[in-house]
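Trainee: Dumping the structure here so I can ask a few things about it.
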Number of protein chains: 2
Amino acid sequence: MANTSINNGVNVDALLAAREALKGAPQAAKFKWRASCKWMNGTHSNTTVQGFHGLGEEQKHKTEFTFDADHPEIFASEDLGATPVEYVLVGLASCLTAGVAAVAQNRGIQLRSVEARLEGSMDIQGILGIDSDVRNGYDDIKVTFTIDADASKKDIEAVVAQSQKRSAVYDIITNPTNVTVEVA
Amino acid sequence: MANTSINNGVNVDALLAAREALKGAPQAAKFKWRASCKWMNGTHSNTTVQGFHGLGEEQKHKTEFTFDADHPEIFASEDLGATPVEYVLVGLASCLTAGVAAVAQNRGIQLRSVEARLEGSMDIQGILGIDSDVRNGYDDIKVTFTIDADASKKDIEAVVAQSQKRSAVYDIITNPTNVTVEVA
């Protein structure tokens with residue numbers, strides 16, 4: 001039950017209403033998220049995000065978001081943006097954090113501050129093709145939350161656990177997801 | 001073999017030298033990538049990326065990169081940034097695109113333009129907890145490259161396939177990756 005004296009800035013009533021509405025209209029729950037990437041030079045690219053599909057029709061973010069990605073100078077690159085693997089951490093961090101705010105709101109827990117530190121370990125012998133037994137991606141990601149809230153440590157841990165349970169990006173990373181790559 | 005008349009802006013010689021050097025120093029190949037996320041309000045967060053660990057010591061991007069993430073207005077949010085799941089697409093797009101440039105350079109293929117369109121399908125009955133048989137994350141991601149290069153369609157497809165084979169983010173998404181979430 002949402003507690004109206006608690007305000008984490010999440011409109012839980014609207015989300016619960018959406019859940020009820022979508023129960024009767026499962027087709028509207030099918031979303032498509034999109035990104036368009038343009039190669040700039042070397043390992044530098046620029047990706048834009050704006051349109052998506054959901055609730056049965058085309059949708060648009062209020063603004064177009066653009067993201068530069070690159071490799072750092074120690075890989076003989078220009079370091080003009082975060083690395084692709086760091087973008088994965090941004091997605092995971094923001095997904096779990098939004099979930100913490102939403103779950104806390106739903107449980108009547110006032111948040112004062114939420115911070116997450118993420119660290120992903122990766123042996124670059126994989127991407128360099130030195131050892132085919134070493135995977136290309138992260139072998140492990142650790143997320144550490146520091147949360148100041150009007151609740152016990154146990155209740156805060158339960159909020160984080162529920163956020164994890166409902167996180168789209170946590171699921172994408174921890175479970176296999178099908179990716180098809182084609183040339184037009 | 002790198003062909004010196006070809007210039008995609010990737011220093012393949014440096015990468016091949018790094019591969020040779022790291023063969024004799026596997027400890028230096030162990031990297032840690034990091035991100036720090038701060039909850040702003042509601043589903044809005046801000047994540048910063050700067051420091052990382054690699055080649056046996058602490059490293060730093062030239063600048064700090066910061067990323068706002070949020071949910072769109074149709075989820076009763078402020079739409080102050082891309083969604084977490086869109087950040088995953090940014091990571092995948094930029095990883096595969098950097099790989100295309102590097103592999104093309106190594107194979108002596110001059111690129112003129114590279115664009116990738118990504119679309120991830122997601123049934124939000126998962127994250128809303130409507131149907132526990134529906135996963136939270138993407139059920140499928142499709143990447144479509146449009147590449148203008150001095151090479152046959154077959155050779156271009158082979159470049160894309162090799163990029164996919166060595167992509168860190170492709171691996172993270174398509175294979176299970178361990179994530180530990182803790183409260184400090």
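Labels used: A, B, ... for chains in the order of the structure tokens, numbers from 1 for residues in each chain, and numbers from 1 for ligands as shown.
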For Val160 of chain B, list every protein, DNA or RNA residue within 12 Å, evaluated using only C-alpha atoms, and leave out those in the same chain fewer than 2 positions away; present the list as a PyMOL selection string.
Mentor: (chain A and resi 180-184) or (chain B and resi 93+95-104+107+114-116+143-147+153-158+162-167)
Trainee: Write out, as a tab-separated table (two decimals), in the first residue's frame, the residues just selected, with N, CA and C atoms.
Mentor:
```tsv
chain	number	residue	atom	x	y	z
A	180	THR	N	20.52	-11.07	-32.28
A	180	THR	CA	20.76	-11.37	-33.70
A	180	THR	C	21.47	-10.18	-34.33
A	181	VAL	N	22.57	-10.45	-35.02
A	181	VAL	CA	23.32	-9.37	-35.68
A	181	VAL	C	23.30	-9.61	-37.18
A	182	GLU	N	22.84	-8.62	-37.93
A	182	GLU	CA	22.72	-8.76	-39.39
A	182	GLU	C	23.35	-7.58	-40.12
A	183	VAL	N	23.71	-7.82	-41.37
A	183	VAL	CA	24.15	-6.73	-42.23
A	183	VAL	C	23.04	-6.48	-43.25
A	184	ALA	N	22.59	-5.24	-43.35
A	184	ALA	CA	21.47	-4.90	-44.27
A	184	ALA	C	21.90	-5.08	-45.72
B	93	ALA	N	25.66	-1.51	-29.04
B	93	ALA	CA	25.89	-0.84	-30.33
B	93	ALA	C	27.33	-0.36	-30.44
B	95	CYS	N	29.98	-1.29	-28.73
B	95	CYS	CA	30.95	-2.37	-28.66
B	95	CYS	C	31.11	-3.03	-30.02
B	96	LEU	N	29.99	-3.37	-30.65
B	96	LEU	CA	30.06	-4.03	-31.96
B	96	LEU	C	30.63	-3.08	-33.02
B	97	THR	N	30.30	-1.80	-32.91
B	97	THR	CA	30.77	-0.83	-33.91
B	97	THR	C	32.28	-0.60	-33.80
B	98	ALA	N	32.79	-0.47	-32.57
B	98	ALA	CA	34.24	-0.34	-32.39
B	98	ALA	C	34.94	-1.58	-32.91
B	99	GLY	N	34.34	-2.72	-32.69
B	99	GLY	CA	34.91	-3.97	-33.19
B	99	GLY	C	34.96	-4.03	-34.71
B	100	VAL	N	33.91	-3.54	-35.35
B	100	VAL	CA	33.88	-3.51	-36.81
B	100	VAL	C	35.05	-2.67	-37.33
B	101	ALA	N	35.28	-1.51	-36.71
B	101	ALA	CA	36.38	-0.63	-37.15
B	101	ALA	C	37.73	-1.31	-36.95
B	102	ALA	N	37.90	-1.97	-35.81
B	102	ALA	CA	39.19	-2.61	-35.52
B	102	ALA	C	39.44	-3.81	-36.43
B	103	VAL	N	38.43	-4.63	-36.62
B	103	VAL	CA	38.61	-5.82	-37.46
B	103	VAL	C	38.83	-5.40	-38.92
B	104	ALA	N	38.07	-4.41	-39.39
B	104	ALA	CA	38.24	-3.94	-40.77
B	104	ALA	C	39.66	-3.41	-40.97
B	107	ARG	N	42.04	-6.19	-41.30
B	107	ARG	CA	41.89	-6.94	-42.56
B	107	ARG	C	42.13	-6.07	-43.79
B	114	VAL	N	29.57	3.43	-41.10
B	114	VAL	CA	29.02	2.28	-40.37
B	114	VAL	C	27.87	2.81	-39.52
B	115	GLU	N	26.73	2.22	-39.68
B	115	GLU	CA	25.60	2.57	-38.82
B	115	GLU	C	24.95	1.28	-38.31
B	116	ALA	N	24.48	1.33	-37.09
B	116	ALA	CA	23.79	0.17	-36.52
B	116	ALA	C	22.46	0.63	-35.94
B	143	VAL	N	20.16	-6.43	-34.07
B	143	VAL	CA	21.12	-5.40	-34.48
B	143	VAL	C	21.25	-5.47	-36.00
B	144	THR	N	21.03	-4.35	-36.69
B	144	THR	CA	21.16	-4.32	-38.15
B	144	THR	C	22.21	-3.28	-38.54
B	145	PHE	N	23.29	-3.77	-39.13
B	145	PHE	CA	24.36	-2.88	-39.59
B	145	PHE	C	24.13	-2.46	-41.04
B	146	THR	N	24.42	-1.21	-41.33
B	146	THR	CA	24.49	-0.71	-42.70
B	146	THR	C	25.91	-0.17	-42.85
B	147	ILE	N	26.68	-0.81	-43.71
B	147	ILE	CA	28.10	-0.50	-43.81
B	147	ILE	C	28.48	-0.18	-45.25
B	153	LYS	N	30.14	-7.70	-49.97
B	153	LYS	CA	29.13	-7.96	-48.92
B	153	LYS	C	29.61	-9.12	-48.03
B	154	LYS	N	30.19	-10.13	-48.67
B	154	LYS	CA	30.65	-11.31	-47.93
B	154	LYS	C	31.77	-10.93	-46.94
B	155	ASP	N	32.71	-10.12	-47.40
B	155	ASP	CA	33.81	-9.71	-46.52
B	155	ASP	C	33.31	-8.80	-45.39
B	156	ILE	N	32.32	-7.96	-45.71
B	156	ILE	CA	31.75	-7.09	-44.68
B	156	ILE	C	31.04	-7.93	-43.63
B	157	GLU	N	30.30	-8.94	-44.08
B	157	GLU	CA	29.61	-9.83	-43.13
B	157	GLU	C	30.61	-10.57	-42.25
B	158	ALA	N	31.75	-10.91	-42.82
B	158	ALA	CA	32.77	-11.61	-42.04
B	158	ALA	C	33.39	-10.69	-40.98
B	162	GLN	N	33.20	-11.34	-36.95
B	162	GLN	CA	34.38	-11.38	-36.09
B	162	GLN	C	34.24	-10.38	-34.94
B	163	SER	N	33.66	-9.22	-35.22
B	163	SER	CA	33.43	-8.23	-34.17
B	163	SER	C	32.52	-8.83	-33.08
B	164	GLN	N	31.47	-9.49	-33.53
B	164	GLN	CA	30.52	-10.16	-32.62
B	164	GLN	C	31.24	-11.21	-31.77
B	165	LYS	N	32.12	-11.94	-32.41
B	165	LYS	CA	32.85	-13.02	-31.72
B	165	LYS	C	33.74	-12.49	-30.60
B	166	ARG	N	34.24	-11.26	-30.74
B	166	ARG	CA	35.18	-10.69	-29.77
B	166	ARG	C	34.55	-9.60	-28.91
B	167	SER	N	33.23	-9.42	-29.03
B	167	SER	CA	32.58	-8.32	-28.32
B	167	SER	C	32.31	-8.65	-26.86
```
Trainee: Can you check which residues of segment 8-162 of chain A DSSP gives as strand (DSSP E) on the backbone and send them as a ChimeraX atom specification?
Mentor: /A:30-41,44-54,57-69,111-123,140-149
Trainee: So how far away is atom CA of Ile172 of chain A from atom CA of Gly120 of chain B, in Å?
Mentor: 10.9 Å
Trainee: Per residue of segment 73-180 of chain A within 7 Å of segment 60-71 of chain B, record the nearest atom pair and its distance in Å to one decimal, counting only C-alpha atoms, with rows in chain order and ascending residue number, as a Markdown table.
Mentor:
```
| residue | atom | partner | partner_atom | distance |
| --- | --- | --- | --- | --- |
| A:Asp79 | CA | B:His61 | CA | 6.6 |
| A:Ala82 | CA | B:Phe65 | CA | 6.5 |
| A:Ser94 | CA | B:Ala69 | CA | 6.1 |
```
Trainee: To one decimal place, how far is atom CA of Glu73 of chain A from atom CA of Asn41 of chain A in Å?
Mentor: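 Value for the atom CA of Glu73 of chain A-atom CA of Asn41 of chain A distance: 14.3 Å.
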Trainee: Tell me, as JSON, numbers by chain, which residues lie within 7 Å of segment 9-14 of chain A, counting only C-alpha atoms; anything in the same chain fewer than 4 positions away does not count.
Mentor: {"A": [2, 18, 101, 102, 105, 106], "B": [41, 42, 43, 76]}
Trainee: From the options B:Ser132, B:Gln110, B:Ser36, B:Asn46, which residue's atoms come nearest to chain A, counting only C-alpha atoms?
Mentor: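 Looking at the shortest contact to chain A, the residue is B:Ser36.
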Trainee: What does the structure give for the distance between atom CA of Thr174 of chain A and atom CA of Ile141 of chain A, in Å to one decimal?
Mentor: 9.8 Å
Trainee: Tell me which protein, DNA and RNA residues are within 9 Å of Asn175 of chain A, counting only C-alpha atoms, leaving out same-chain ones fewer than 3 positions away, and put them as a ChimeraX atom specification.
Mentor: /A:170-172 /B:137,173-178
Trainee: From the options B:Lys30, B:Ala151, B:Glu78, B:Thr83, which residue's atoms come nearest to chain A, counting only C-alpha atoms?
Mentor: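 Ranked by minimum distance to chain A, first place goes to B:Lys30.
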Trainee: When DSSP is applied to the backbone of this structure, which of chain B are assigned alpha helix (DSSP H)? Write them out as number ranges by chain.
Mentor: B: 12-23, 84-106, 153-165, 168-174
Trainee: Dump C-alpha atoms for the selected residues as a JSON list (two decimals), in the first residue's frame?
Mentor:
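Once everything was written out, this is result23.json:
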```
[["chain", "number", "residue", "atom", "x", "y", "z"],
["B", 12, "VAL", "CA", 45.95, -2.04, -34.88],
["B", 13, "ASP", "CA", 49.73, -2.24, -34.54],
["B", 14, "ALA", "CA", 49.46, -0.95, -30.96],
["B", 15, "LEU", "CA", 46.70, -3.48, -30.20],
["B", 16, "LEU", "CA", 48.73, -6.36, -31.64],
["B", 17, "ALA", "CA", 51.75, -5.20, -29.61],
["B", 18, "ALA", "CA", 49.58, -5.06, -26.47],
["B", 19, "ARG", "CA", 48.41, -8.59, -27.17],
["B", 20, "GLU", "CA", 52.00, -9.79, -27.39],
["B", 21, "ALA", "CA", 52.97, -7.92, -24.21],
["B", 22, "LEU", "CA", 49.98, -9.23, -22.24],
["B", 23, "LYS", "CA", 50.71, -12.82, -23.24],
["B", 84, "PRO", "CA", 18.30, 1.72, -18.17],
["B", 85, "VAL", "CA", 17.45, -0.83, -20.89],
["B", 86, "GLU", "CA", 18.32, 1.72, -23.57],
["B", 87, "TYR", "CA", 21.77, 2.11, -21.95],
["B", 88, "VAL", "CA", 22.28, -1.60, -22.55],
["B", 89, "LEU", "CA", 21.59, -1.02, -26.26],
["B", 90, "VAL", "CA", 24.10, 1.87, -26.27],
["B", 91, "GLY", "CA", 26.73, -0.46, -24.83],
["B", 92, "LEU", "CA", 26.00, -3.22, -27.33],
["B", 93, "ALA", "CA", 25.89, -0.84, -30.33],
["B", 94, "SER", "CA", 29.16, 0.88, -29.45],
["B", 95, "CYS", "CA", 30.95, -2.37, -28.66],
["B", 96, "LEU", "CA", 30.06, -4.03, -31.96],
["B", 97, "THR", "CA", 30.77, -0.83, -33.91],
["B", 98, "ALA", "CA", 34.24, -0.34, -32.39],
["B", 99, "GLY", "CA", 34.91, -3.97, -33.19],
["B", 100, "VAL", "CA", 33.88, -3.51, -36.81],
["B", 101, "ALA", "CA", 36.38, -0.63, -37.15],
["B", 102, "ALA", "CA", 39.19, -2.61, -35.52],
["B", 103, "VAL", "CA", 38.61, -5.82, -37.46],
["B", 104, "ALA", "CA", 38.24, -3.94, -40.77],
["B", 105, "GLN", "CA", 41.51, -2.13, -40.07],
["B", 106, "ASN", "CA", 43.25, -5.41, -39.32],
["B", 153, "LYS", "CA", 29.13, -7.96, -48.92],
["B", 154, "LYS", "CA", 30.65, -11.31, -47.93],
["B", 155, "ASP", "CA", 33.81, -9.71, -46.52],
["B", 156, "ILE", "CA", 31.75, -7.09, -44.68],
["B", 157, "GLU", "CA", 29.61, -9.83, -43.13],
["B", 158, "ALA", "CA", 32.77, -11.61, -42.04],
["B", 159, "VAL", "CA", 34.04, -8.42, -40.35],
["B", 160, "VAL", "CA", 30.75, -8.07, -38.45],
["B", 161, "ALA", "CA", 30.84, -11.74, -37.45],
["B", 162, "GLN", "CA", 34.38, -11.38, -36.09],
["B", 163, "SER", "CA", 33.43, -8.23, -34.17],
["B", 164, "GLN", "CA", 30.52, -10.16, -32.62],
["B", 165, "LYS", "CA", 32.85, -13.02, -31.72],
["B", 168, "ALA", "CA", 32.55, -7.95, -24.55],
["B", 169, "VAL", "CA", 29.00, -6.58, -24.41],
["B", 170, "TYR", "CA", 27.60, -9.17, -26.82],
["B", 171, "ASP", "CA", 29.05, -11.82, -24.49],
["B", 172, "ILE", "CA", 27.66, -10.12, -21.35],
["B", 173, "ILE", "CA", 24.15, -10.03, -22.84],
["B", 174, "THR", "CA", 24.01, -13.41, -24.55]]
```
Trainee: In terms of the shortest atom-to-atom distance over only C-alpha atoms, which of B:Ser5, B:Cys37, B:Gln50, B:Arg117 is closest to Leu80 of chain A?
Mentor: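 Result for the nearest residue to Leu80 of chain A: B:Gln50.
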